[in-house]
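Text of query_11.pdb, listed as PDB, C-alpha atoms:
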ATOM      1  CA  MET U 414      19.041 -18.725 -22.113  1.00  0.00           C
ATOM      2  CA  ALA U 415      22.688 -17.735 -22.130  1.00  0.00           C
ATOM      3  CA  LEU U 416      23.600 -20.758 -20.008  1.00  0.00           C
ATOM      4  CA  LEU U 417      21.691 -23.048 -22.354  1.00  0.00           C
ATOM      5  CA  GLY U 418      23.421 -21.579 -25.399  1.00  0.00           C
ATOM      6  CA  LEU U 419      26.840 -21.723 -23.750  1.00  0.00           C
ATOM      7  CA  GLY U 420      26.329 -25.366 -22.744  1.00  0.00           C
ATOM      8  CA  TRP U 421      25.188 -26.333 -26.224  1.00  0.00           C
ATOM      9  CA  TRP U 422      28.141 -24.534 -27.838  1.00  0.00           C
ATOM     10  CA  ARG U 423      30.643 -26.125 -25.431  1.00  0.00           C
ATOM     11  CA  ASP U 424      29.077 -29.547 -26.024  1.00  0.00           C
ATOM     12  CA  HIS U 425      29.664 -29.292 -29.754  1.00  0.00           C
ATOM     13  CA  ALA U 426      33.253 -28.275 -29.069  1.00  0.00           C
ATOM     14  CA  GLY U 427      33.760 -31.407 -26.926  1.00  0.00           C
ATOM     15  CA  PHE U 428      34.492 -29.378 -23.804  1.00  0.00           C
ATOM     16  CA  TRP U 429      32.374 -31.497 -21.435  1.00  0.00           C
ATOM     17  CA  ALA U 430      33.831 -34.897 -22.455  1.00  0.00           C
ATOM     18  CA  ASP U 431      36.271 -35.232 -19.527  1.00  0.00           C
ATOM     19  CA  LYS U 432      34.613 -32.918 -16.990  1.00  0.00           C
ATOM     20  CA  ALA U 433      31.800 -34.974 -15.435  1.00  0.00           C
ATOM     21  CA  PHE U 434      31.471 -32.938 -12.223  1.00  0.00           C
ATOM     22  CA  LEU U 435      31.522 -29.609 -14.038  1.00  0.00           C
ATOM     23  CA  THR U 436      28.941 -30.961 -16.478  1.00  0.00           C
ATOM     24  CA  ASN U 437      26.621 -31.860 -13.596  1.00  0.00           C
ATOM     25  CA  VAL U 438      27.087 -28.498 -11.872  1.00  0.00           C
ATOM     26  CA  PHE U 439      26.498 -26.550 -15.090  1.00  0.00           C
ATOM     27  CA  SER U 440      23.466 -28.682 -15.897  1.00  0.00           C
ATOM     28  CA  SER U 441      22.005 -28.112 -12.415  1.00  0.00           C
ATOM     29  CA  VAL U 442      22.518 -24.355 -12.584  1.00  0.00           C
ATOM     30  CA  THR U 443      20.921 -24.210 -16.030  1.00  0.00           C
ATOM     31  CA  THR U 444      17.950 -26.274 -14.857  1.00  0.00           C
ATOM     32  CA  ALA U 445      17.516 -24.133 -11.735  1.00  0.00           C
ATOM     33  CA  SER U 446      17.584 -20.951 -13.822  1.00  0.00           C
ATOM     34  CA  PHE U 447      14.467 -22.208 -15.633  1.00  0.00           C
ATOM     35  CA  GLY U 448      12.783 -24.165 -12.829  1.00  0.00           C
ATOM     36  CA  VAL U 449      12.924 -21.673  -9.957  1.00  0.00           C
ATOM     37  CA  PRO U 450      11.262 -18.762 -11.817  1.00  0.00           C
ATOM     38  CA  SER U 451       8.629 -21.125 -13.241  1.00  0.00           C
ATOM     39  CA  ALA U 452       7.858 -22.494  -9.780  1.00  0.00           C
ATOM     40  CA  LEU U 453       7.607 -18.978  -8.345  1.00  0.00           C
ATOM     41  CA  VAL U 454       5.110 -17.941 -11.025  1.00  0.00           C
ATOM     42  CA  ILE U 455       2.991 -21.050 -10.453  1.00  0.00           C
ATOM     43  CA  LEU U 456       3.079 -20.706  -6.651  1.00  0.00           C
ATOM     44  CA  ASN U 457       2.161 -17.020  -6.934  1.00  0.00           C
ATOM     45  CA  ARG U 458      -0.909 -17.887  -9.019  1.00  0.00           C
ATOM     46  CA  VAL U 459      -1.944 -20.638  -6.589  1.00  0.00           C
ATOM     47  CA  ALA U 460      -1.557 -18.217  -3.651  1.00  0.00           C
ATOM     48  CA  MET U 461      -3.683 -15.586  -5.429  1.00  0.00           C
ATOM     49  CA  VAL U 462      -6.476 -18.103  -6.086  1.00  0.00           C
ATOM     50  CA  GLN U 463      -6.364 -19.230  -2.465  1.00  0.00           C
ATOM     51  CA  ALA U 464      -6.455 -15.632  -1.180  1.00  0.00           C
ATOM     52  CA  GLU U 465      -9.474 -14.891  -3.380  1.00  0.00           C
ATOM     53  CA  ALA U 466     -11.265 -17.977  -2.043  1.00  0.00           C
ATOM     54  CA  VAL U 467     -10.559 -16.963   1.566  1.00  0.00           C
ATOM     55  CA  GLU U 468     -11.815 -13.450   0.858  1.00  0.00           C
ATOM     56  CA  ALA U 469     -15.000 -14.790  -0.751  1.00  0.00           C
ATOM     57  CA  CYS U 470     -15.634 -16.974   2.331  1.00  0.00           C
ATOM     58  CA  ALA U 471     -15.122 -13.986   4.608  1.00  0.00           C
ATOM     59  CA  TRP U 472     -17.626 -11.935   2.592  1.00  0.00           C
ATOM     60  CA  ARG U 473     -20.119 -14.802   2.719  1.00  0.00           C
ATOM     61  CA  ARG U 474     -19.766 -15.095   6.516  1.00  0.00           C
ATOM     62  CA  LEU U 475     -20.192 -11.330   6.900  1.00  0.00           C
ATOM     63  CA  ALA U 476     -23.326 -11.364   4.714  1.00  0.00           C
ATOM     64  CA  MET U 477     -24.813 -14.223   6.737  1.00  0.00           C
ATOM     65  CA  ARG U 478     -24.052 -12.459  10.020  1.00  0.00           C
ATOM     66  CA  VAL U 479     -25.595  -9.175   8.811  1.00  0.00           C
ATOM     67  CA  ALA U 480     -28.664 -10.990   7.461  1.00  0.00           C
ATOM     68  CA  GLY U 481     -29.059 -12.775  10.811  1.00  0.00           C
ATOM     69  CA  GLN U 482     -28.748  -9.518  12.740  1.00  0.00           C
ATOM     70  CA  CYS U 483     -31.303  -7.845  10.464  1.00  0.00           C
ATOM     71  CA  ALA U 484     -33.724 -10.727  10.899  1.00  0.00           C
ATOM     72  CA  ALA U 485     -33.263 -10.700  14.684  1.00  0.00           C
ATOM     73  CA  SER U 486     -33.862  -6.952  14.909  1.00  0.00           C
ATOM     74  CA  VAL U 487     -37.207  -7.026  13.085  1.00  0.00           C
ATOM     75  CA  PRO U 488     -40.053  -7.435  15.598  1.00  0.00           C
ATOM     76  CA  LEU U 489     -42.483 -10.230  14.953  1.00  0.00           C
ATOM     77  CA  GLN U 490     -45.563  -8.806  13.263  1.00  0.00           C
ATOM     78  CA  PHE U 491     -47.793 -11.815  13.704  1.00  0.00           C
ATOM     79  CA  HIS U 492     -47.987 -13.719  16.940  1.00  0.00           C
ATOM     80  CA  GLY U 493     -50.446 -16.317  15.791  1.00  0.00           C
ATOM     81  CA  GLY U 494     -50.363 -18.782  12.976  1.00  0.00           C
ATOM     82  CA  CYS U 495     -51.903 -18.319   9.563  1.00  0.00           C
ATOM     83  CA  GLY U 496     -55.619 -17.657   9.648  1.00  0.00           C
ATOM     84  CA  SER U 497     -55.817 -16.481  13.273  1.00  0.00           C
ATOM     85  CA  SER U 498     -57.433 -13.167  13.833  1.00  0.00           C
TER
END

Rendering of file as structure tokens:
Amino acid sequence: MALLGLGWWRDHAGFWADKAFLTNVFSSVTTASFGVPSALVILNRVAMVQAEAVEACAWRRLAMRVAGQCAASVPLQFHGGCGSS
């Protein structure tokens, strides 16, 4: 915010009128001071959502594997079809 305020104040004073390169550098630094933190926050949130999705998939695979192992370990109670005695 300080860079934004300083740039605005210097603009009203006419400081930037003959300093094109310095204007571009100052503008880029000011933009980066807002853009980089914003991008980091957004990327952090995207990474958290992705990590949660990967973890949910891992839990689902584990549950399916355990259910399959449980089903395979239970002996078959009925060898015939329905209605056979």

Within 12 Å of Thr436 (chain U), counting only C-alpha atoms, which residues qualify if same-chain residues fewer than 3 places away don't, as JSON, numbers by chain? {"U": [419, 420, 421, 423, 424, 427, 428, 429, 430, 431, 432, 433, 439, 440, 441, 442, 443]}

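We find CA of Ile455 (chain U) and CA of Ala471 (chain U) to be spaced 24.6 Å apart.
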
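Distances to Met414 (chain U) were evaluated for U:Ala484, U:Ala426, U:Val467, U:Ala445 using all atoms listed in the file, and the minimum falls at U:Ala445.
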
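Atom to atom, CA of Ala460 (chain U) and CA of Gly448 (chain U) stand 18.0 Å apart.
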
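You will find CA of Asn457 (chain U) at 22.5 Å from CA of Trp472 (chain U).
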
Report, as lines of an AutoDock Vina configuration file, the axis-aligned box around all atoms of region 460-474 of chain U present in the file, extended by 4 Å on each side; give centre and edge lengths in Å to one decimal place.
center_x = -10.8
center_y = -15.6
center_z = 0.2
size_x = 26.6
size_y = 15.3
size_z = 20.6

Rebuild all heavy atoms on region 469-480 of chain U, as an mmCIF file, keeping the file's coordinate frame?
data_model
loop_
_atom_site.group_PDB
_atom_site.id
_atom_site.type_symbol
_atom_site.label_atom_id
_atom_site.label_comp_id
_atom_site.auth_asym_id
_atom_site.auth_seq_id
_atom_site.Cartn_x
_atom_site.Cartn_y
_atom_site.Cartn_z
ATOM 1 N N ALA U 469 -13.607 -14.511 -0.409
ATOM 2 C CA ALA U 469 -15.000 -14.790 -0.751
ATOM 3 C C ALA U 469 -15.716 -15.441 0.438
ATOM 4 O O ALA U 469 -16.872 -15.111 0.731
ATOM 5 C CB ALA U 469 -15.080 -15.689 -1.977
ATOM 6 N N CYS U 470 -15.043 -16.351 1.136
ATOM 7 C CA CYS U 470 -15.634 -16.974 2.331
ATOM 8 C C CYS U 470 -15.885 -15.937 3.413
ATOM 9 O O CYS U 470 -16.926 -15.976 4.086
ATOM 10 C CB CYS U 470 -14.708 -18.059 2.869
ATOM 11 S SG CYS U 470 -15.042 -19.675 2.200
ATOM 12 N N ALA U 471 -14.953 -15.024 3.591
ATOM 13 C CA ALA U 471 -15.122 -13.986 4.608
ATOM 14 C C ALA U 471 -16.320 -13.100 4.270
ATOM 15 O O ALA U 471 -17.110 -12.743 5.155
ATOM 16 C CB ALA U 471 -13.850 -13.146 4.720
ATOM 17 N N TRP U 472 -16.472 -12.748 3.006
ATOM 18 C CA TRP U 472 -17.626 -11.935 2.592
ATOM 19 C C TRP U 472 -18.925 -12.694 2.807
ATOM 20 O O TRP U 472 -19.938 -12.120 3.234
ATOM 21 C CB TRP U 472 -17.501 -11.506 1.132
ATOM 22 C CG TRP U 472 -16.619 -10.313 0.958
ATOM 23 C CD1 TRP U 472 -15.374 -10.295 0.427
ATOM 24 C CD2 TRP U 472 -16.913 -8.965 1.332
ATOM 25 N NE1 TRP U 472 -14.868 -9.025 0.447
ATOM 26 C CE2 TRP U 472 -15.797 -8.188 1.002
ATOM 27 C CE3 TRP U 472 -18.009 -8.345 1.930
ATOM 28 C CZ2 TRP U 472 -15.743 -6.818 1.233
ATOM 29 C CZ3 TRP U 472 -17.942 -6.972 2.154
ATOM 30 C CH2 TRP U 472 -16.828 -6.234 1.813
ATOM 31 N N ARG U 473 -18.923 -13.993 2.516
ATOM 32 C CA ARG U 473 -20.119 -14.802 2.719
ATOM 33 C C ARG U 473 -20.496 -14.856 4.196
ATOM 34 O O ARG U 473 -21.666 -14.709 4.565
ATOM 35 C CB ARG U 473 -19.879 -16.214 2.182
ATOM 36 C CG ARG U 473 -21.004 -16.708 1.329
ATOM 37 C CD ARG U 473 -20.717 -18.072 0.717
ATOM 38 N NE ARG U 473 -19.740 -17.953 -0.367
ATOM 39 C CZ ARG U 473 -18.615 -18.642 -0.453
ATOM 40 N NH1 ARG U 473 -18.299 -19.543 0.428
ATOM 41 N NH2 ARG U 473 -17.786 -18.454 -1.458
ATOM 42 N N ARG U 474 -19.501 -15.062 5.069
ATOM 43 C CA ARG U 474 -19.766 -15.095 6.516
ATOM 44 C C ARG U 474 -20.300 -13.757 7.005
ATOM 45 O O ARG U 474 -21.237 -13.703 7.815
ATOM 46 C CB ARG U 474 -18.493 -15.464 7.279
ATOM 47 C CG ARG U 474 -18.173 -16.935 7.259
ATOM 48 C CD ARG U 474 -17.099 -17.282 8.287
ATOM 49 N NE ARG U 474 -15.896 -16.471 8.168
ATOM 50 C CZ ARG U 474 -14.837 -16.799 7.431
ATOM 51 N NH1 ARG U 474 -14.832 -17.928 6.751
ATOM 52 N NH2 ARG U 474 -13.785 -16.015 7.383
ATOM 53 N N LEU U 475 -19.727 -12.657 6.516
ATOM 54 C CA LEU U 475 -20.192 -11.330 6.900
ATOM 55 C C LEU U 475 -21.639 -11.118 6.446
ATOM 56 O O LEU U 475 -22.469 -10.607 7.203
ATOM 57 C CB LEU U 475 -19.286 -10.250 6.295
ATOM 58 C CG LEU U 475 -19.693 -8.806 6.578
ATOM 59 C CD1 LEU U 475 -19.637 -8.518 8.075
ATOM 60 C CD2 LEU U 475 -18.811 -7.849 5.803
ATOM 61 N N ALA U 476 -21.965 -11.521 5.225
ATOM 62 C CA ALA U 476 -23.326 -11.364 4.714
ATOM 63 C C ALA U 476 -24.311 -12.179 5.546
ATOM 64 O O ALA U 476 -25.410 -11.697 5.866
ATOM 65 C CB ALA U 476 -23.388 -11.780 3.251
ATOM 66 N N MET U 477 -23.932 -13.398 5.918
ATOM 67 C CA MET U 477 -24.813 -14.223 6.737
ATOM 68 C C MET U 477 -25.014 -13.613 8.129
ATOM 69 O O MET U 477 -26.118 -13.628 8.674
ATOM 70 C CB MET U 477 -24.259 -15.650 6.855
ATOM 71 C CG MET U 477 -24.247 -16.418 5.542
ATOM 72 S SD MET U 477 -25.889 -16.633 4.850
ATOM 73 C CE MET U 477 -26.571 -17.786 5.990
ATOM 74 N N ARG U 478 -23.953 -13.077 8.699
ATOM 75 C CA ARG U 478 -24.052 -12.459 10.020
ATOM 76 C C ARG U 478 -24.953 -11.220 9.974
ATOM 77 O O ARG U 478 -25.816 -11.022 10.824
ATOM 78 C CB ARG U 478 -22.662 -12.101 10.543
ATOM 79 C CG ARG U 478 -22.683 -11.626 11.978
ATOM 80 C CD ARG U 478 -21.303 -11.511 12.622
ATOM 81 N NE ARG U 478 -20.419 -10.640 11.867
ATOM 82 C CZ ARG U 478 -19.241 -11.020 11.366
ATOM 83 N NH1 ARG U 478 -18.825 -12.251 11.545
ATOM 84 N NH2 ARG U 478 -18.492 -10.176 10.709
ATOM 85 N N VAL U 479 -24.771 -10.382 8.949
ATOM 86 C CA VAL U 479 -25.595 -9.175 8.811
ATOM 87 C C VAL U 479 -27.049 -9.558 8.570
ATOM 88 O O VAL U 479 -27.967 -8.965 9.157
ATOM 89 C CB VAL U 479 -25.058 -8.269 7.678
ATOM 90 C CG1 VAL U 479 -26.040 -7.172 7.325
ATOM 91 C CG2 VAL U 479 -23.720 -7.676 8.084
ATOM 92 N N ALA U 480 -27.287 -10.549 7.717
ATOM 93 C CA ALA U 480 -28.664 -10.990 7.461
ATOM 94 C C ALA U 480 -29.293 -11.526 8.747
ATOM 95 O O ALA U 480 -30.470 -11.255 9.030
ATOM 96 C CB ALA U 480 -28.679 -12.059 6.376
#
